[in-house]
Amino acid sequence: MSDAKTDTKSALRQSKGTDKPQLKVDDWLDAAAGEIAAGGFSNLRVMTLAKKLGVTRGSFYWHFRDHQDLVQRFLQRWRDRRLHELQYWKPQGGDVEEELRHILELLLTDASRNIRRLQVELAVRDFARRNDLAAELVLEVDESRINQNCQLFERLGTDPEQTRGLSLLLYVSIIGSQVVLTGRNDDADSIRSIERMLAGIINELRNR
């Protein structure tokens, strides 16, 4: 068959929507995020993704070696995006208490603003209990988040151990809120309660 005829048939297939060669790796990973959010990593199946994307199973192997490669690249992208987000919550050098309140409000209300991302994060953390790569990347994200909190609390003039403890307390509050807070109206009261508690700790430290 000539190249011209092959190109014509390829064009016809694309026009009929029987294949989507324009799909990129991120398209597969986005579809994977939906499956993981819905049912965890055990819900991640190549054929299901292919059907949802409207392509053949062979299209998957154009982008990934196998199912394990898909999982690894999904986890690595999750890590990269979580680390990139830290720049939006980075302390700017203003009043410590004011910045803390602002950062807390952003972090504690994030779950209700992006339910699917919350579901994916919880699924990744659950997967980390039985997958070494997931555990390694979750630890990297956790350490980076806690270290950024330390930048804020270091300006209180506390000793390193106390700074680390406060940073960990803030982080545990945030992670816990992702499980407990669901975006209901009364969640705002819970957030203000956490803010007041941490503000009280800060004032106590300042007055010592």
# chains A, B, ... in the order shown; residues from 1 in each chain; ligands from 1
>>> residues_around(residues="Gln148 in chain A", least_positions_apart="5", cutoff="9 Å", atoms="only C-alpha atoms", output="list in words")
Leu86, Trp89, Lys90, Pro91, Glu143 and Ser167 of chain A
>>> write_last_selection(atoms="N, CA and C atoms", output="PDB file, in the first residue's frame")
ATOM      1  N   LEU A  86       4.119  24.577  46.733  1.00  0.00           N
ATOM      2  CA  LEU A  86       4.658  25.207  47.929  1.00  0.00           C
ATOM      3  C   LEU A  86       4.964  26.688  47.721  1.00  0.00           C
ATOM      4  N   TRP A  89       2.329  29.082  49.009  1.00  0.00           N
ATOM      5  CA  TRP A  89       2.149  29.197  50.461  1.00  0.00           C
ATOM      6  C   TRP A  89       3.448  29.555  51.158  1.00  0.00           C
ATOM      7  N   LYS A  90       4.391  30.084  50.412  1.00  0.00           N
ATOM      8  CA  LYS A  90       5.692  30.431  50.970  1.00  0.00           C
ATOM      9  C   LYS A  90       5.588  31.714  51.780  1.00  0.00           C
ATOM     10  N   PRO A  91       6.113  31.734  53.019  1.00  0.00           N
ATOM     11  CA  PRO A  91       6.098  32.967  53.823  1.00  0.00           C
ATOM     12  C   PRO A  91       6.774  34.111  53.086  1.00  0.00           C
ATOM     13  N   GLU A 143       8.304  16.189  54.108  1.00  0.00           N
ATOM     14  CA  GLU A 143       9.467  16.897  54.625  1.00  0.00           C
ATOM     15  C   GLU A 143       9.564  18.308  54.041  1.00  0.00           C
ATOM     16  N   SER A 167       6.025  23.309  63.571  1.00  0.00           N
ATOM     17  CA  SER A 167       5.834  23.058  62.142  1.00  0.00           C
ATOM     18  C   SER A 167       5.116  21.739  61.921  1.00  0.00           C
TER      19      SER A 167
END
>>> select_by_dssp(residues="range 46-171 of chain A", states="alpha helix (DSSP H)", output="PyMOL selection string")
chain A and resi 46-53+57-63+67-85+96-108+110-113+115-127+132-153+160-171
>>> closest_atom_pairs(of="range 104-139 of chain A", to="range 73-82 of chain A", cutoff="8 Å", atoms="only C-alpha atoms", output="JSON lines")
{"residue": "A:Val124", "atom": "CA", "partner": "A:Leu75", "partner_atom": "CA", "distance": 7.7}
{"residue": "A:Leu133", "atom": "CA", "partner": "A:Leu75", "partner_atom": "CA", "distance": 8.0}
{"residue": "A:Ala134", "atom": "CA", "partner": "A:Leu75", "partner_atom": "CA", "distance": 6.5}
{"residue": "A:Leu137", "atom": "CA", "partner": "A:Arg79", "partner_atom": "CA", "distance": 6.2}
{"residue": "A:Val138", "atom": "CA", "partner": "A:Arg79", "partner_atom": "CA", "distance": 7.4}
>>> write_last_selection(atoms="N, CA and C atoms", output="mmCIF file, in the first residue's frame")
data_model
loop_
_atom_site.group_PDB
_atom_site.id
_atom_site.type_symbol
_atom_site.label_atom_id
_atom_site.label_comp_id
_atom_site.auth_asym_id
_atom_site.auth_seq_id
_atom_site.Cartn_x
_atom_site.Cartn_y
_atom_site.Cartn_z
ATOM 1 N N VAL A 124 -2.911 8.229 47.451
ATOM 2 C CA VAL A 124 -1.455 8.086 47.382
ATOM 3 C C VAL A 124 -0.909 7.714 48.757
ATOM 4 N N LEU A 133 7.993 3.128 46.421
ATOM 5 C CA LEU A 133 8.155 4.402 45.715
ATOM 6 C C LEU A 133 7.166 5.431 46.241
ATOM 7 N N ALA A 134 5.921 5.028 46.430
ATOM 8 C CA ALA A 134 4.917 5.947 46.959
ATOM 9 C C ALA A 134 5.326 6.438 48.342
ATOM 10 N N LEU A 137 8.124 9.052 48.008
ATOM 11 C CA LEU A 137 7.692 10.345 47.486
ATOM 12 C C LEU A 137 6.802 11.089 48.480
ATOM 13 N N VAL A 138 5.969 10.362 49.209
ATOM 14 C CA VAL A 138 5.153 10.990 50.249
ATOM 15 C C VAL A 138 6.059 11.589 51.322
#
>>> residues_around(residues="Asn149 in chain A", least_positions_apart="5", cutoff="9 Å", atoms="only C-alpha atoms", output="compact mmCIF listing (two decimals) with C-alpha atoms, in the first residue's frame")
# COMPACT_ATOMS: atom_id res chain seq x y z
CA LYS A 90 5.69 30.43 50.97
CA PRO A 91 6.10 32.97 53.82
CA SER A 144 9.33 19.77 52.13
CA GLU A 154 11.86 30.31 62.88
CA THR A 163 10.32 25.25 65.71
CA ARG A 164 10.21 21.72 64.31
CA LEU A 166 5.30 23.73 65.84
CA SER A 167 5.83 23.06 62.14
CA LEU A 168 4.83 19.44 62.63
CA LEU A 170 0.69 22.82 61.83
CA TYR A 171 1.22 20.11 59.22
>>> decode(residues="range 49-69 of chain A", atoms="N, CA and C atoms", output="short mmCIF file (atom, residue, chain, number, x, y, z; two decimals), in the first residue's frame")
data_model
loop_
_atom_site.label_atom_id
_atom_site.label_comp_id
_atom_site.auth_asym_id
_atom_site.auth_seq_id
_atom_site.Cartn_x
_atom_site.Cartn_y
_atom_site.Cartn_z
N LEU A 49 -8.99 2.87 31.26
CA LEU A 49 -8.49 4.17 30.83
C LEU A 49 -8.64 4.32 29.31
N ALA A 50 -8.29 3.28 28.57
CA ALA A 50 -8.38 3.34 27.11
C ALA A 50 -9.82 3.60 26.66
N LYS A 51 -10.77 2.92 27.29
CA LYS A 51 -12.17 3.11 26.93
C LYS A 51 -12.62 4.53 27.24
N LYS A 52 -12.22 5.06 28.39
CA LYS A 52 -12.63 6.41 28.76
C LYS A 52 -12.02 7.45 27.83
N LEU A 53 -10.83 7.17 27.34
CA LEU A 53 -10.16 8.11 26.44
C LEU A 53 -10.56 7.88 24.98
N GLY A 54 -11.26 6.79 24.72
CA GLY A 54 -11.73 6.52 23.37
C GLY A 54 -10.63 6.05 22.43
N VAL A 55 -9.66 5.31 22.97
CA VAL A 55 -8.56 4.81 22.15
C VAL A 55 -8.40 3.31 22.39
N THR A 56 -7.51 2.71 21.61
CA THR A 56 -7.24 1.29 21.77
C THR A 56 -6.21 1.07 22.86
N ARG A 57 -6.12 -0.19 23.31
CA ARG A 57 -5.13 -0.55 24.32
C ARG A 57 -3.71 -0.28 23.81
N GLY A 58 -3.52 -0.46 22.49
CA GLY A 58 -2.21 -0.24 21.90
C GLY A 58 -1.72 1.18 22.08
N SER A 59 -2.64 2.13 22.14
CA SER A 59 -2.26 3.53 22.32
C SER A 59 -1.56 3.73 23.66
N PHE A 60 -1.97 2.96 24.66
CA PHE A 60 -1.35 3.05 25.98
C PHE A 60 0.13 2.73 25.89
N TYR A 61 0.47 1.67 25.15
CA TYR A 61 1.86 1.22 25.08
C TYR A 61 2.71 2.12 24.20
N TRP A 62 2.12 3.09 23.56
CA TRP A 62 2.89 4.10 22.85
C TRP A 62 3.54 5.05 23.86
N HIS A 63 2.88 5.22 25.01
CA HIS A 63 3.34 6.18 26.03
C HIS A 63 3.99 5.52 27.24
N PHE A 64 3.60 4.28 27.56
CA PHE A 64 4.07 3.62 28.78
C PHE A 64 4.58 2.22 28.47
N ARG A 65 5.55 1.78 29.25
CA ARG A 65 6.07 0.42 29.06
C ARG A 65 5.05 -0.60 29.52
N ASP A 66 4.45 -0.33 30.67
CA ASP A 66 3.50 -1.27 31.25
C ASP A 66 2.72 -0.55 32.35
N HIS A 67 1.90 -1.31 33.07
CA HIS A 67 1.08 -0.74 34.14
C HIS A 67 1.96 -0.14 35.23
N GLN A 68 3.05 -0.80 35.57
CA GLN A 68 3.93 -0.29 36.61
C GLN A 68 4.54 1.05 36.21
N ASP A 69 4.88 1.21 34.95
CA ASP A 69 5.41 2.47 34.45
C ASP A 69 4.38 3.58 34.61
#
